[in-house]
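One file, target_21.tsv, is given below (TSV, C-alpha atoms (C1' of nucleotides)).
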```tsv
chain	number	residue	atom	x	y	z
A	116	MET	CA	95.48	120.80	104.53
A	117	SER	CA	92.13	119.35	103.70
A	118	LYS	CA	93.03	116.09	102.03
A	119	GLN	CA	93.09	113.73	104.94
A	120	GLY	CA	89.56	112.38	105.01
A	121	LEU	CA	88.79	108.73	105.48
A	122	ALA	CA	88.11	106.40	102.62
A	123	GLY	CA	84.52	105.24	102.54
A	124	LEU	CA	83.10	107.60	105.09
A	125	GLY	CA	84.00	110.96	103.70
A	126	GLN	CA	82.21	113.47	101.60
A	127	ASP	CA	81.48	111.11	98.76
A	128	GLY	CA	77.80	111.48	99.25
A	129	VAL	CA	77.51	107.72	99.02
A	130	ASP	CA	74.65	106.65	101.20
A	131	ASP	CA	74.73	102.99	100.21
A	132	CYS	CA	78.01	102.45	101.95
A	133	CYS	CA	76.46	103.06	105.37
A	134	PRO	CA	73.64	100.62	105.88
A	135	GLY	CA	73.71	101.21	109.62
A	136	LEU	CA	75.53	99.36	112.32
A	137	LEU	CA	72.42	97.77	113.73
A	138	THR	CA	70.68	96.37	110.70
A	139	ALA	CA	73.16	93.98	109.13
A	140	PRO	CA	76.51	92.40	109.97
A	141	LEU	CA	79.25	94.86	109.22
A	142	ASP	CA	81.53	94.39	106.26
A	143	GLU	CA	85.03	93.64	107.43
A	144	ALA	CA	86.82	96.35	105.43
A	145	TRP	CA	84.29	98.95	106.39
A	146	SER	CA	84.46	98.03	110.05
A	147	VAL	CA	88.14	98.99	109.93
A	148	GLU	CA	87.32	102.42	108.49
A	149	LEU	CA	84.49	103.00	110.91
A	150	ALA	CA	86.62	101.96	113.86
A	151	LYS	CA	89.13	104.67	113.01
A	152	VAL	CA	86.50	107.34	113.47
A	153	PHE	CA	85.16	105.92	116.71
A	154	LYS	CA	88.70	105.51	117.97
A	155	ALA	CA	89.27	109.19	117.32
A	156	LEU	CA	86.26	109.88	119.54
A	157	GLY	CA	87.50	107.46	122.19
A	158	ASP	CA	89.53	109.98	124.14
A	159	PRO	CA	88.27	112.58	126.61
A	160	ILE	CA	90.59	115.29	125.35
A	161	ARG	CA	89.51	114.81	121.76
A	162	LEU	CA	85.86	114.75	122.73
A	163	ARG	CA	86.23	118.03	124.54
A	164	LEU	CA	88.19	119.53	121.65
A	165	LEU	CA	85.50	118.45	119.22
A	166	SER	CA	82.71	119.83	121.34
A	167	MET	CA	84.53	123.11	121.81
A	168	ILE	CA	84.97	123.39	118.06
A	169	ALA	CA	81.46	122.28	117.18
A	170	SER	CA	79.65	124.46	119.67
A	171	ARG	CA	81.53	127.61	118.81
A	172	ALA	CA	79.35	130.37	117.54
A	173	GLY	CA	80.73	131.39	114.19
A	174	GLY	CA	81.70	127.85	113.37
A	175	GLU	CA	85.42	128.00	113.90
A	176	VAL	CA	87.96	128.21	116.68
A	177	CYS	CA	91.54	129.32	116.84
A	178	VAL	CA	94.01	126.86	118.28
A	179	CYS	CA	95.16	129.58	120.61
A	180	ASP	CA	91.72	129.42	122.22
A	181	LEU	CA	91.79	125.65	122.57
A	182	THR	CA	95.23	125.04	124.02
A	183	PRO	CA	94.90	126.99	127.28
A	184	ALA	CA	91.73	125.07	128.16
A	185	PHE	CA	93.73	121.95	128.94
A	186	ASP	CA	96.56	121.03	131.29
A	187	LEU	CA	98.52	119.63	128.38
A	188	SER	CA	101.40	120.85	126.32
A	189	GLN	CA	100.73	122.59	123.06
A	190	PRO	CA	102.19	119.77	120.91
A	191	THR	CA	99.84	117.31	122.60
A	192	ILE	CA	96.81	119.40	121.69
A	193	SER	CA	98.15	119.70	118.16
A	194	HIS	CA	98.50	115.94	118.01
A	195	HIS	CA	94.90	115.36	119.09
A	196	LEU	CA	93.64	117.89	116.58
A	197	LYS	CA	95.56	116.04	113.90
A	198	LEU	CA	93.87	112.77	114.81
A	199	LEU	CA	90.44	114.40	114.69
A	200	ARG	CA	91.31	115.83	111.30
A	201	GLN	CA	92.55	112.50	109.97
A	202	ALA	CA	89.28	110.96	111.08
A	203	GLY	CA	87.41	113.44	108.93
A	204	LEU	CA	85.68	115.06	111.87
A	205	ILE	CA	87.20	118.52	111.55
A	206	ASP	CA	89.22	120.57	109.13
A	207	CYS	CA	91.46	123.59	109.49
A	208	GLU	CA	92.93	126.53	107.66
A	209	ARG	CA	95.75	128.92	108.36
A	210	ARG	CA	94.98	132.62	108.27
A	211	GLY	CA	97.97	134.74	109.00
A	212	THR	CA	99.58	133.65	112.19
A	213	TRP	CA	96.67	131.65	113.49
A	214	VAL	CA	95.10	128.34	112.52
A	215	TYR	CA	91.34	127.93	112.69
A	216	TYR	CA	89.47	124.67	113.05
A	217	TRP	CA	85.85	123.86	112.28
A	218	LEU	CA	83.54	120.87	112.39
A	219	LEU	CA	82.76	118.73	109.38
A	220	PRO	CA	79.13	117.95	110.19
A	221	GLU	CA	78.86	115.37	107.43
A	222	MET	CA	80.86	112.96	109.53
A	223	THR	CA	78.94	113.39	112.76
A	224	ASP	CA	75.70	113.20	110.83
A	225	ARG	CA	76.85	109.97	109.28
A	226	LEU	CA	77.85	108.49	112.61
A	227	ALA	CA	74.51	109.42	114.10
A	228	GLY	CA	72.82	107.68	111.20
A	229	ILE	CA	74.95	104.61	111.62
A	230	LEU	CA	73.95	104.36	115.27
A	231	THR	CA	70.27	104.91	114.59
A	232	ARG	CA	68.15	101.84	114.07
A	233	PRO	CA	65.25	101.95	111.67
A	234	ALA	CA	62.13	103.02	113.53
A	235	GLY	CA	60.14	100.25	111.92
A	236	ARG	CA	61.89	97.45	113.74
A	237	PRO	CA	62.06	97.92	117.49
A	238	LEU	CA	64.64	95.18	117.96
A	239	PRO	CA	62.56	92.35	119.44
A	240	GLU	CA	63.55	91.38	122.92
A	241	PRO	CA	64.94	87.95	123.68
A	242	ALA	CA	62.16	85.48	123.22
A	243	GLY	CA	63.88	82.35	124.46
A	244	THR	CA	65.46	80.66	121.49
A	245	ALA	CA	67.66	82.10	118.81
A	246	GLY	CA	65.87	80.33	116.02
A	247	ASP	CA	68.29	79.33	113.31
A	248	ALA	CA	71.81	78.02	113.18
B	235	MET	CA	75.84	89.70	135.00
B	236	SER	CA	74.06	92.93	134.28
B	237	LYS	CA	75.69	95.30	136.74
B	238	GLN	CA	78.45	96.69	134.62
B	239	GLY	CA	76.84	99.74	133.06
B	240	LEU	CA	78.59	103.06	132.84
B	241	ALA	CA	77.97	105.84	135.31
B	242	GLY	CA	76.17	108.74	133.73
B	243	LEU	CA	75.22	107.18	130.46
B	244	GLY	CA	73.24	104.19	131.53
B	245	GLN	CA	69.59	103.56	131.99
B	246	ASP	CA	69.10	106.29	134.53
B	247	GLY	CA	66.66	108.04	132.30
B	248	VAL	CA	68.53	111.28	132.89
B	249	ASP	CA	68.32	113.34	129.76
B	250	ASP	CA	69.89	116.45	131.17
B	251	CYS	CA	73.24	114.76	131.39
B	252	CYS	CA	73.48	114.50	127.62
B	253	PRO	CA	73.17	117.95	126.13
B	254	GLY	CA	74.77	116.79	122.92
B	255	LEU	CA	78.35	116.83	121.85
B	256	LEU	CA	77.86	119.58	119.33
B	257	THR	CA	75.93	122.22	121.22
B	258	ALA	CA	78.09	123.11	124.20
B	259	PRO	CA	81.62	122.43	125.45
B	260	LEU	CA	81.71	119.03	127.08
B	261	ASP	CA	81.99	118.70	130.82
B	262	GLU	CA	85.31	117.18	131.75
B	263	ALA	CA	83.99	114.34	133.89
B	264	TRP	CA	81.41	113.41	131.36
B	265	SER	CA	83.89	113.44	128.51
B	266	VAL	CA	85.72	110.66	130.34
B	267	GLU	CA	82.59	108.54	130.58
B	268	LEU	CA	81.61	109.20	126.99
B	269	ALA	CA	85.09	108.37	125.77
B	270	LYS	CA	84.85	104.92	127.32
B	271	VAL	CA	81.87	104.08	125.14
B	272	PHE	CA	83.42	105.43	121.96
B	273	LYS	CA	86.63	103.62	122.78
B	274	ALA	CA	84.66	100.40	122.99
B	275	LEU	CA	83.43	101.12	119.47
B	276	GLY	CA	86.91	101.97	118.26
B	277	ASP	CA	87.90	98.48	117.22
B	278	PRO	CA	86.88	96.65	114.04
B	279	ILE	CA	86.32	93.36	115.83
B	280	ARG	CA	84.04	94.93	118.39
B	281	LEU	CA	82.12	96.83	115.73
B	282	ARG	CA	81.51	93.62	113.84
B	283	LEU	CA	80.52	91.81	117.00
B	284	LEU	CA	78.10	94.56	117.89
B	285	SER	CA	76.56	94.62	114.44
B	286	MET	CA	76.22	90.84	114.42
B	287	ILE	CA	74.46	90.96	117.75
B	288	ALA	CA	72.29	93.95	116.92
B	289	SER	CA	71.18	92.75	113.52
B	290	ARG	CA	70.28	89.27	114.63
B	291	ALA	CA	66.66	88.41	114.13
B	292	GLY	CA	65.37	87.30	117.51
B	293	GLY	CA	67.53	89.82	119.28
B	294	GLU	CA	70.21	87.59	120.70
B	295	VAL	CA	73.20	85.58	119.61
B	296	CYS	CA	75.10	82.68	121.10
B	297	VAL	CA	78.82	83.13	121.55
B	298	CYS	CA	79.28	79.89	119.67
B	299	ASP	CA	77.83	81.64	116.62
B	300	LEU	CA	80.10	84.67	116.97
B	301	THR	CA	83.45	83.02	117.51
B	302	PRO	CA	83.81	81.13	114.20
B	303	ALA	CA	83.21	84.34	112.25
B	304	PHE	CA	86.65	85.63	113.20
B	305	ASP	CA	90.22	84.45	112.81
B	306	LEU	CA	90.81	84.96	116.49
B	307	SER	CA	90.99	82.73	119.49
B	308	GLN	CA	87.95	82.27	121.63
B	309	PRO	CA	89.42	84.06	124.65
B	310	THR	CA	90.02	87.10	122.48
B	311	ILE	CA	86.39	87.21	121.35
B	312	SER	CA	85.30	86.80	124.94
B	313	HIS	CA	87.52	89.71	125.90
B	314	HIS	CA	85.99	91.98	123.27
B	315	LEU	CA	82.49	91.01	124.33
B	316	LYS	CA	83.40	91.88	127.87
B	317	LEU	CA	84.51	95.36	126.82
B	318	LEU	CA	81.28	95.93	124.91
B	319	ARG	CA	79.37	94.82	127.97
B	320	GLN	CA	81.32	97.09	130.29
B	321	ALA	CA	80.54	99.96	127.95
B	322	GLY	CA	76.84	99.29	128.41
B	323	LEU	CA	76.31	98.44	124.76
B	324	ILE	CA	75.29	94.81	125.21
B	325	ASP	CA	74.29	92.41	127.93
B	326	CYS	CA	74.36	88.65	128.26
B	327	GLU	CA	72.80	85.71	130.03
B	328	ARG	CA	73.76	82.09	130.45
B	329	ARG	CA	71.20	79.49	129.52
B	330	GLY	CA	72.44	75.99	130.08
B	331	THR	CA	75.70	75.46	128.32
B	332	TRP	CA	75.56	78.53	126.12
B	333	VAL	CA	75.78	82.27	126.72
B	334	TYR	CA	73.56	84.62	124.75
B	335	TYR	CA	74.27	88.28	124.05
B	336	TRP	CA	71.88	91.02	123.02
B	337	LEU	CA	71.99	94.73	122.26
B	338	LEU	CA	71.09	97.42	124.77
B	339	PRO	CA	69.53	99.91	122.36
B	340	GLU	CA	69.32	102.63	125.00
B	341	MET	CA	73.05	103.19	124.66
B	342	THR	CA	73.19	103.35	120.88
B	343	ASP	CA	70.14	105.61	120.90
B	344	ARG	CA	71.87	107.90	123.33
B	345	LEU	CA	75.05	108.00	121.29
B	346	ALA	CA	73.06	108.82	118.17
B	347	GLY	CA	71.42	111.66	120.04
B	348	ILE	CA	74.72	112.95	121.28
B	349	LEU	CA	76.05	113.08	117.74
B	350	THR	CA	72.96	114.77	116.36
B	351	ARG	CA	72.97	118.52	116.23
B	352	PRO	CA	69.80	120.46	116.78
B	353	ALA	CA	68.02	121.01	113.48
B	354	GLY	CA	67.45	124.64	114.28
B	355	ARG	CA	71.08	125.65	113.99
B	356	PRO	CA	72.75	124.43	110.82
B	357	LEU	CA	76.27	125.18	112.06
B	358	PRO	CA	77.26	128.16	109.90
B	359	GLU	CA	79.99	127.25	107.49
B	360	PRO	CA	83.28	129.05	107.48
B	361	ALA	CA	84.76	130.60	104.41
B	362	GLY	CA	86.59	127.40	103.55
B	363	THR	CA	85.59	124.15	101.95
B	364	ALA	CA	82.96	122.01	103.53
B	365	GLY	CA	79.61	123.62	104.13
B	366	ASP	CA	77.03	121.88	101.98
B	367	ALA	CA	79.13	121.45	98.88
C	196	DC	C1'	117.27	140.54	107.21
C	197	DG	C1'	116.55	139.30	112.07
C	198	DT	C1'	113.47	138.33	115.53
C	199	DC	C1'	109.36	136.89	117.67
C	200	DA	C1'	104.95	134.34	118.09
C	201	DA	C1'	101.82	130.53	116.68
C	202	DC	C1'	101.65	125.72	115.26
C	203	DA	C1'	103.38	121.52	113.54
C	204	DT	C1'	106.62	117.64	113.46
C	205	DA	C1'	110.19	114.32	115.37
C	206	DG	C1'	111.76	111.19	118.69
C	207	DA	C1'	111.48	108.89	123.14
C	208	DA	C1'	109.46	107.15	127.66
C	209	DG	C1'	105.66	105.16	130.00
C	210	DA	C1'	100.95	103.40	129.98
C	211	DA	C1'	97.25	101.08	127.79
C	212	DT	C1'	95.53	97.70	124.44
C	213	DG	C1'	95.06	93.34	121.55
C	214	DT	C1'	96.34	88.80	121.27
C	215	DC	C1'	97.58	84.22	122.58
C	216	DG	C1'	98.12	79.72	125.33
C	217	DA	C1'	97.10	77.65	129.68
C	218	DA	C1'	94.09	77.05	133.23
C	219	DA	C1'	89.74	77.67	135.78
C	220	DC	C1'	84.78	77.53	135.84
C	221	DA	C1'	80.05	75.87	134.56
C	222	DA	C1'	76.73	72.62	132.81
C	223	DG	C1'	75.32	68.31	130.77
C	224	DG	C1'	75.78	63.27	130.04
C	225	DG	C1'	77.97	58.78	130.53
D	197	DC	C1'	81.81	60.62	139.78
D	198	DC	C1'	84.54	61.61	135.78
D	199	DC	C1'	84.67	63.29	131.16
D	200	DT	C1'	83.44	66.39	127.39
D	201	DT	C1'	82.05	70.88	125.63
D	202	DG	C1'	81.32	75.91	125.97
D	203	DT	C1'	82.96	80.12	128.05
D	204	DT	C1'	85.62	83.14	131.01
D	205	DT	C1'	89.80	84.40	133.55
D	206	DC	C1'	94.87	84.68	134.07
D	207	DG	C1'	99.82	85.81	132.67
D	208	DA	C1'	102.68	87.08	129.26
D	209	DC	C1'	104.19	89.56	125.19
D	210	DA	C1'	104.14	92.69	121.06
D	211	DT	C1'	101.95	96.66	119.40
D	212	DT	C1'	99.79	100.95	119.74
D	213	DC	C1'	98.67	105.25	122.15
D	214	DT	C1'	99.40	109.41	125.06
D	215	DT	C1'	102.44	112.61	126.52
D	216	DC	C1'	106.57	115.06	126.92
D	217	DT	C1'	110.86	117.94	125.30
D	218	DA	C1'	113.31	119.63	121.50
D	219	DT	C1'	113.28	121.36	116.96
D	220	DG	C1'	111.30	122.91	112.46
D	221	DT	C1'	108.08	125.88	109.76
D	222	DT	C1'	105.27	129.68	108.69
D	223	DG	C1'	103.94	134.40	108.82
D	224	DA	C1'	104.07	139.20	110.95
D	225	DC	C1'	106.77	143.14	112.19
D	226	DG	C1'	110.81	146.30	112.80
```
The structure in this file should be written as structure tokens.
Amino acid sequence: MSKQGLAGLGQDGVDDCCPGLLTAPLDEAWSVELAKVFKALGDPIRLRLLSMIASRAGGEVCVCDLTPAFDLSQPTISHHLKLLRQAGLIDCERRGTWVYYWLLPEMTDRLAGILTRPAGRPLPEPAGTAGDA
Amino acid sequence: MSKQGLAGLGQDGVDDCCPGLLTAPLDEAWSVELAKVFKALGDPIRLRLLSMIASRAGGEVCVCDLTPAFDLSQPTISHHLKLLRQAGLIDCERRGTWVYYWLLPEMTDRLAGILTRPAGRPLPEPAGTAGDA
DNA sequence: CGTCAACATAGAAGAATGTCGAAACAAGGG
DNA sequence: CCCTTGTTTCGACATTCTTCTATGTTGACG
């Protein structure tokens, strides 16, 4: 139930693979992987599910607590949870009758890093000409 | 050409509206706004466009420099740029014959903040896998 | 073993998205 | 004024996504 992470973005501990979105043109293959994660975040239901899971004291939430919070059918919630899991943002485990989900903070940390520009270079504002060809 | 920002996420300077995705359950209305931005990032072409624009020395890029980098028609690139602009991630200006795009770092900064959990609470790991392994 | 409850999966309908070619718009140069 | 080049907009089409109902799977309990 835990082997659905994404290729280059997962728990490999590889920091070289993520040079940041804002510092250099993105590699084509990696842009595909990264887009999958952002696409998983690109839905209001999934964002709310993720925040409900992440902000839960104790670190995990039962699906039975998530489903009634939405005006959607139970299979739809299950589907969204699956997409979040495939994106490597959450993971789950079955204990008895219930299934519990929790956040994988490595992924959100990585995304935050990708969106953070190096403090040293404040991204110079348009000066008039673009310089080179 | 600059009046396409998103409602609650723009340059309003409101910090209260963004309590972080990982600290409290997301407000429903805000999750819709936030999802629009992540959805704009959920495409490999747009990610590459954004990174090309953001990483450009001088801060801005001409469309004529972006288009030949992709195996797509020019209208398609223009369409993707429009979505990035509507998401408040970039802005553009016409100078003579050419149109120049640049990054709006306020939005990426805000997203990075939203994805960053407060350092004080290291999100207690469940019994399962992840944690800090 | 039979039944019930909690979740997941399968398949289908409708909406949204990505892509293209054609056409419109803008600016510069004869 | 017309023509050329750069860019956006418009219509159309194939693909993907969101959601549903129906069904399958897993575990608990008599």
Quick one: which residues from chain C are at most 10 Å off chain B, using only C-alpha atoms (C1' of nucleotides), as a PDB file with C-alpha atoms (C1' of nucleotides), in the frame of the given file?
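Written out: part_29.pdb:
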```
ATOM      1  C1'  DG C 213      95.060  93.340 121.550  1.00  0.00           C
ATOM      2  C1'  DT C 214      96.340  88.800 121.270  1.00  0.00           C
ATOM      3  C1'  DC C 215      97.580  84.220 122.580  1.00  0.00           C
ATOM      4  C1'  DG C 216      98.120  79.720 125.330  1.00  0.00           C
ATOM      5  C1'  DA C 221      80.050  75.870 134.560  1.00  0.00           C
ATOM      6  C1'  DA C 222      76.730  72.620 132.810  1.00  0.00           C
ATOM      7  C1'  DG C 223      75.320  68.310 130.770  1.00  0.00           C
TER       8       DG C 223
END
```
Taking only C-alpha atoms (C1' of nucleotides) into account and nothing else, which residues of chain D lie no more than 9 Å away from chain B? Please answer as a PDB file with C-alpha atoms (C1' of nucleotides), in the coordinates of the input.
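Wrote it out as selection.pdb, contents follow:
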```pdb
ATOM      1  C1'  DT D 201      82.050  70.880 125.630  1.00  0.00           C
ATOM      2  C1'  DG D 202      81.320  75.910 125.970  1.00  0.00           C
ATOM      3  C1'  DT D 203      82.960  80.120 128.050  1.00  0.00           C
ATOM      4  C1'  DT D 204      85.620  83.140 131.010  1.00  0.00           C
ATOM      5  C1'  DT D 205      89.800  84.400 133.550  1.00  0.00           C
TER       6       DT D 205
END
```
Quick one: contact table of chain A to chain B, 7 Å max, nearest atom pair and distance in Å to one decimal per residue, counting only C-alpha atoms, chain and number order, as a Markdown table?
```
| residue | atom | partner | partner_atom | distance |
| --- | --- | --- | --- | --- |
| A:Leu136 | CA | B:Ser285 | CA | 5.3 |
| A:Leu137 | CA | B:Ala288 | CA | 5.0 |
| A:Thr138 | CA | B:Ser289 | CA | 4.6 |
| A:Ala139 | CA | B:Ser289 | CA | 5.0 |
| A:Pro140 | CA | B:Met286 | CA | 4.7 |
| A:Leu141 | CA | B:Arg282 | CA | 5.3 |
| A:Ser146 | CA | B:Pro278 | CA | 4.9 |
| A:Val147 | CA | B:Pro278 | CA | 4.9 |
| A:Ala150 | CA | B:Gly276 | CA | 4.4 |
| A:Lys151 | CA | B:Gly276 | CA | 6.3 |
| A:Phe153 | CA | B:Gly276 | CA | 4.6 |
| A:Lys154 | CA | B:Gly276 | CA | 4.0 |
| A:Leu156 | CA | B:Phe272 | CA | 5.8 |
| A:Gly157 | CA | B:Lys273 | CA | 4.0 |
| A:Asp158 | CA | B:Ala269 | CA | 5.0 |
| A:Pro159 | CA | B:Ser265 | CA | 4.9 |
| A:Leu162 | CA | B:Ser265 | CA | 6.2 |
| A:Arg163 | CA | B:Leu260 | CA | 5.3 |
| A:Ser166 | CA | B:Pro259 | CA | 5.0 |
| A:Met167 | CA | B:Pro259 | CA | 4.7 |
| A:Ala169 | CA | B:Leu256 | CA | 5.0 |
| A:Ser170 | CA | B:Thr257 | CA | 4.6 |
| A:Gly173 | CA | B:Pro358 | CA | 6.4 |
| A:Gly174 | CA | B:Pro358 | CA | 5.6 |
| A:Glu175 | CA | B:Pro360 | CA | 6.8 |
| A:Leu219 | CA | B:Ala364 | CA | 6.7 |
| A:Thr223 | CA | B:Leu349 | CA | 5.8 |
| A:Asp224 | CA | B:Thr350 | CA | 6.4 |
| A:Ala227 | CA | B:Ala346 | CA | 4.4 |
| A:Leu230 | CA | B:Ala346 | CA | 5.4 |
| A:Thr231 | CA | B:Ala346 | CA | 6.0 |
| A:Leu238 | CA | B:Gly293 | CA | 6.2 |
| A:Pro239 | CA | B:Gly293 | CA | 5.6 |
| A:Glu240 | CA | B:Gly293 | CA | 5.6 |
| A:Pro241 | CA | B:Gly293 | CA | 5.4 |
| A:Ala242 | CA | B:Gly292 | CA | 6.8 |
| A:Ala245 | CA | B:Gly292 | CA | 5.8 |
```
- Separation of C1' of DG223 in chain D from CA of Gln201 in chain A, in Å and rounded to one decimal: 24.7 Å
Take the point (96.3, 79.0, 134.1) as written in the file and pick out every residue within 10 Å of it, counting all atoms listed in the file; give the list as a CSV table (one decimal) with C-alpha atoms (C1' of nucleotides), in the frame of the given file.
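This is the output file out-v7.csv:
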```
chain,number,residue,atom,x,y,z
C,216,DG,C1',98.1,79.7,125.3
C,217,DA,C1',97.1,77.6,129.7
C,218,DA,C1',94.1,77.0,133.2
C,219,DA,C1',89.7,77.7,135.8
D,205,DT,C1',89.8,84.4,133.6
D,206,DC,C1',94.9,84.7,134.1
D,207,DG,C1',99.8,85.8,132.7
```
- Quick one: distance from C1' of DA211 in chain C to C1' of DT214 in chain D in Å, one decimal?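 Those two atoms sit 9.0 Å apart.
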